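Take a look at the structure below.
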Amino acid sequence: MKMKILTFEDGKLIRKGFGKTLLIGLKTENTLIEDIYFREIEIDGLDATEKAIEIIDEAKPIDIILLNGISYAGFNLIDAEKIWVNLKIPLIVYTKKKPDNKKVISALIKHFPDWRTRWEIIKRTLKASKGIHQVKIKINEKPVYIEVIGIDVEEATKILKDNTIWGRTPEPIRIIEIIAEESSKIYLQVKNKYQKLNF
């Protein structure tokens with residue numbers, strides 16, 4: 001069955017000094033690349049959801065949104081529950097390690113005056129997903145952890161299995177991580193040149 005998946009990743013924070021980085025969307029069908037989308041987002045900002053929705057609208061039609069976690073560009077959180085409510089496209093939030101939300105809320109309280117706003121995004125995602133689910137993509141591999149909205153755990157697990165070739169990393173995530181690393185280098189070079197031109 002053909003399935004169009006839109007996967008998100010952020011540009012790497014190569015060094016301090018820039019207030020923005022990239023949010024990247026990768027559209028695949030049966031692990032084959034269809035398109036790539038770019039937006040700028042604020043490091044530790046609150047605009048990742050808005051920019052993700054822009055990419056989703058541009059990428060339609062899509063069947064599934066695959067998030068590599070919900071935290072991008074530091075603590076710029078994508079509100080998965082809001083995307084589901086507004087767009088009715090199912091979401092899978094994938095992580096290799098189980099999120100430690102005690103550490104997360106501790107970091108939010110310590111570093112962000114608006115920590116309640118950010119924590120609410122995390123809580124809404126957990127509630128909509130009915131918690132964090134441990135699943136196995138490959139029998140001989142360690143489990144992974146998913147949150148699911150608009151789709152059940154069994155179907156989400158099957159989608160991940162169908163889109164995983166090596167190890168326990170789904171192919172769209174493996175590909176977008178490579179794209180993010182390389183595009184971040186180009187982004188940094190362009191930003192450096194732009195700054196020099198404006199001095």
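Scheme for the structure tokens: letters A, B, ... for chains in order shown; per-chain residue numbers from 1; ligand numbers from 1 in order shown.
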
Subject >> Residue neighbourhood stretch 133-146 of chain A, 6 Å, only C-alpha atoms, exclusion window fewer than 6 positions, as JSON, numbers by chain >> reply: {"A": [93, 94, 95, 96, 98, 161, 168]}

What's around stretch 41-49 of chain A at 7 Å? Count only C-alpha atoms, leave out sequence neighbours fewer than 3 positions away in its own chain, and write the answer as a short mmCIF file (atom, residue, chain, number, x, y, z; two decimals) with N, CA and C atoms, in the first residue's frame.
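As a result, around11.cif now contains:
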```cif
data_model
loop_
_atom_site.label_atom_id
_atom_site.label_comp_id
_atom_site.auth_asym_id
_atom_site.auth_seq_id
_atom_site.Cartn_x
_atom_site.Cartn_y
_atom_site.Cartn_z
N GLY A 19 20.08 33.22 16.00
CA GLY A 19 18.82 33.07 16.71
C GLY A 19 17.85 32.15 16.01
N LYS A 20 18.23 31.67 14.82
CA LYS A 20 17.34 30.82 14.05
C LYS A 20 18.09 29.60 13.51
N THR A 21 17.31 28.59 13.16
CA THR A 21 17.85 27.44 12.45
C THR A 21 16.77 26.92 11.50
N LEU A 22 17.02 25.79 10.89
CA LEU A 22 16.07 25.26 9.91
C LEU A 22 15.08 24.28 10.54
N LEU A 23 13.87 24.31 10.02
CA LEU A 23 12.92 23.22 10.21
C LEU A 23 12.74 22.59 8.84
N ALA A 52 5.57 24.28 10.92
CA ALA A 52 5.26 22.91 10.52
C ALA A 52 3.95 22.85 9.75
N ILE A 53 2.96 23.60 10.20
CA ILE A 53 1.67 23.63 9.51
C ILE A 53 1.82 24.21 8.11
N ALA A 73 14.97 22.73 17.48
CA ALA A 73 15.72 23.98 17.71
C ALA A 73 15.75 24.31 19.20
N GLY A 74 16.27 23.38 19.97
CA GLY A 74 16.26 23.54 21.42
C GLY A 74 14.92 23.10 21.97
N PHE A 75 14.19 24.05 22.57
CA PHE A 75 12.88 23.74 23.14
C PHE A 75 11.74 24.42 22.38
N ASN A 76 11.86 24.48 21.07
CA ASN A 76 10.78 24.98 20.21
C ASN A 76 9.90 23.76 19.88
N LEU A 77 8.78 23.65 20.55
CA LEU A 77 7.99 22.42 20.51
C LEU A 77 6.93 22.43 19.41
N ILE A 78 6.83 21.31 18.69
CA ILE A 78 5.73 21.14 17.74
C ILE A 78 4.53 20.55 18.49
N ASP A 79 3.42 21.25 18.42
CA ASP A 79 2.20 20.86 19.12
C ASP A 79 1.44 19.84 18.27
#
```

Original post:
Can you list, as JSON, numbers by chain, every protein, DNA or RNA residue that comes within 9 Å of A:Leu6 when you count only C-alpha atoms, leaving out same-chain residues fewer than 5 positions away?
Top reply: {"A": [25, 26, 27, 28, 56, 59, 62, 63, 64, 65, 66, 67, 172]}

Original post:
Could you state the separation of atom CA of A:Lys51 and atom CA of A:Phe8 in Å, given to one decimal place?
Top reply: 10.9 Å

Original post:
What residues in stretch 2-188 of chain A get the DSSP label strand (DSSP E or B)? Please answer as an MDAnalysis selection string.
Top reply: chainID A and resid 4:10 20:29 32:42 64:67 71:72 76:77 91:95 133:135 144:149

**OP:** Taking the chain letters and numbering used in this document, name the residues of stretch 16-117 of chain A that DSSP puts in helix (DSSP H, G or I), as a PyMOL selection string.
**Re:** chain A and resi 48-59+80-87+101-111+115-117

Original post:
Can you tell me, as number ranges by chain, what residues are no more than 12 Å from A:Ile176 when counting only C-alpha atoms, ignoring any on the same chain fewer than 5 positions away?
Top reply: A: 5-12, 23-28, 31-33, 35-38, 66-68, 169-171, 181-184

With N, CA and C atoms kept, could you save the residues just selected as a compact mmCIF listing (two decimals), in the first residue's frame?
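Result file is again_4.txt:
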```txt
# COMPACT_ATOMS: atom_id res chain seq x y z
N ILE A 5 4.33 9.95 3.62
CA ILE A 5 4.71 10.32 4.99
C ILE A 5 5.49 11.63 4.96
N LEU A 6 5.12 12.54 5.85
CA LEU A 6 5.86 13.80 6.01
C LEU A 6 6.60 13.75 7.34
N THR A 7 7.93 13.79 7.27
CA THR A 7 8.78 13.68 8.45
C THR A 7 9.46 15.01 8.72
N PHE A 8 9.64 15.33 10.01
CA PHE A 8 10.25 16.60 10.39
C PHE A 8 11.56 16.39 11.15
N GLU A 9 12.49 17.31 10.91
CA GLU A 9 13.75 17.36 11.64
C GLU A 9 14.21 18.81 11.68
N ASP A 10 15.03 19.13 12.66
CA ASP A 10 15.56 20.50 12.73
C ASP A 10 16.99 20.56 12.23
N GLY A 11 17.40 21.75 11.84
CA GLY A 11 18.79 21.98 11.50
C GLY A 11 19.64 21.90 12.75
N LYS A 12 20.85 21.46 12.58
CA LYS A 12 21.71 21.30 13.74
C LYS A 12 22.17 22.66 14.26
N LEU A 23 13.87 24.31 10.02
CA LEU A 23 12.92 23.22 10.21
C LEU A 23 12.74 22.59 8.84
N ILE A 24 12.97 21.30 8.77
CA ILE A 24 12.99 20.60 7.48
C ILE A 24 11.86 19.57 7.45
N GLY A 25 11.16 19.53 6.34
CA GLY A 25 10.14 18.52 6.12
C GLY A 25 10.55 17.64 4.95
N LEU A 26 10.41 16.34 5.10
CA LEU A 26 10.73 15.38 4.04
C LEU A 26 9.48 14.58 3.70
N LYS A 27 9.06 14.65 2.44
CA LYS A 27 7.91 13.86 2.00
C LYS A 27 8.40 12.62 1.27
N THR A 28 7.97 11.46 1.75
CA THR A 28 8.37 10.20 1.13
C THR A 28 7.13 9.37 0.79
N THR A 31 9.31 4.90 1.28
CA THR A 31 10.73 5.20 1.56
C THR A 31 11.43 5.96 0.44
N LEU A 32 10.72 6.29 -0.64
CA LEU A 32 11.32 7.06 -1.73
C LEU A 32 11.03 8.55 -1.53
N ILE A 33 12.06 9.37 -1.75
CA ILE A 33 11.91 10.82 -1.55
C ILE A 33 11.02 11.42 -2.64
N ASP A 35 9.76 15.01 -1.96
CA ASP A 35 10.04 16.44 -1.88
C ASP A 35 10.66 16.79 -0.54
N ILE A 36 11.31 17.96 -0.49
CA ILE A 36 11.92 18.46 0.74
C ILE A 36 11.49 19.92 0.91
N TYR A 37 11.20 20.30 2.15
CA TYR A 37 10.69 21.63 2.45
C TYR A 37 11.52 22.25 3.57
N PHE A 38 11.70 23.57 3.49
CA PHE A 38 12.50 24.27 4.48
C PHE A 38 11.77 25.50 5.01
N LEU A 66 5.22 12.15 10.65
CA LEU A 66 6.17 11.45 11.52
C LEU A 66 7.11 12.48 12.14
N LEU A 67 7.01 12.63 13.45
CA LEU A 67 7.86 13.57 14.18
C LEU A 67 8.99 12.84 14.87
N ASN A 68 10.19 13.36 14.71
CA ASN A 68 11.37 12.81 15.39
C ASN A 68 11.47 13.49 16.75
N THR A 169 15.68 2.48 13.05
CA THR A 169 15.39 3.85 12.63
C THR A 169 14.60 3.83 11.33
N PRO A 170 13.37 4.33 11.34
CA PRO A 170 12.59 4.37 10.10
C PRO A 170 13.34 5.14 9.01
N GLU A 171 13.22 4.67 7.80
CA GLU A 171 13.98 5.26 6.69
C GLU A 171 13.74 6.76 6.51
N GLU A 181 21.78 17.51 8.53
CA GLU A 181 23.20 17.77 8.81
C GLU A 181 23.86 18.54 7.68
N GLU A 182 23.60 18.13 6.44
CA GLU A 182 24.25 18.78 5.30
C GLU A 182 23.65 20.15 5.01
N SER A 183 22.33 20.28 5.12
CA SER A 183 21.70 21.58 4.84
C SER A 183 22.06 22.60 5.91
N SER A 184 22.32 22.14 7.13
CA SER A 184 22.73 23.05 8.20
C SER A 184 24.08 23.71 7.88
```

Subject >> Spatial neighbours of A:Val148, max dist 8 Å, only C-alpha atoms, sep filter under 2 positions, as a PyMOL selection string >> reply: chain A and resi 90-93+128-129+146+150-153+156

Original post:
What separation in Å, quoted to one decimal, exists between atom CA of A:Ile89 and atom CA of A:Glu54?
Top reply: 13.8 Å

Original post:
Could you pull the residues within 12 Å of A:Glu120, counting only C-alpha atoms, minus those fewer than 3 positions along the same chain, as a PyMOL selection string?
Top reply: chain A and resi 77-82+105+108+114-117+123-127

Subject >> Interatomic distance (Å, one decimal) between atom CA of A:Thr157 and atom CA of A:Glu177 >> reply: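 These atoms are spaced 20.5 Å apart.
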
Original post:
Given the choices A:Ile179, A:Ala107, A:Ile122, A:Leu188, which gets closest to A:Glu147 if the distance is worked out from only C-alpha atoms?
Top reply: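 Checking each of A:Ile179, A:Ala107, A:Ile122, A:Leu188 against A:Glu147, counting only C-alpha atoms, the winner is A:Ile122.
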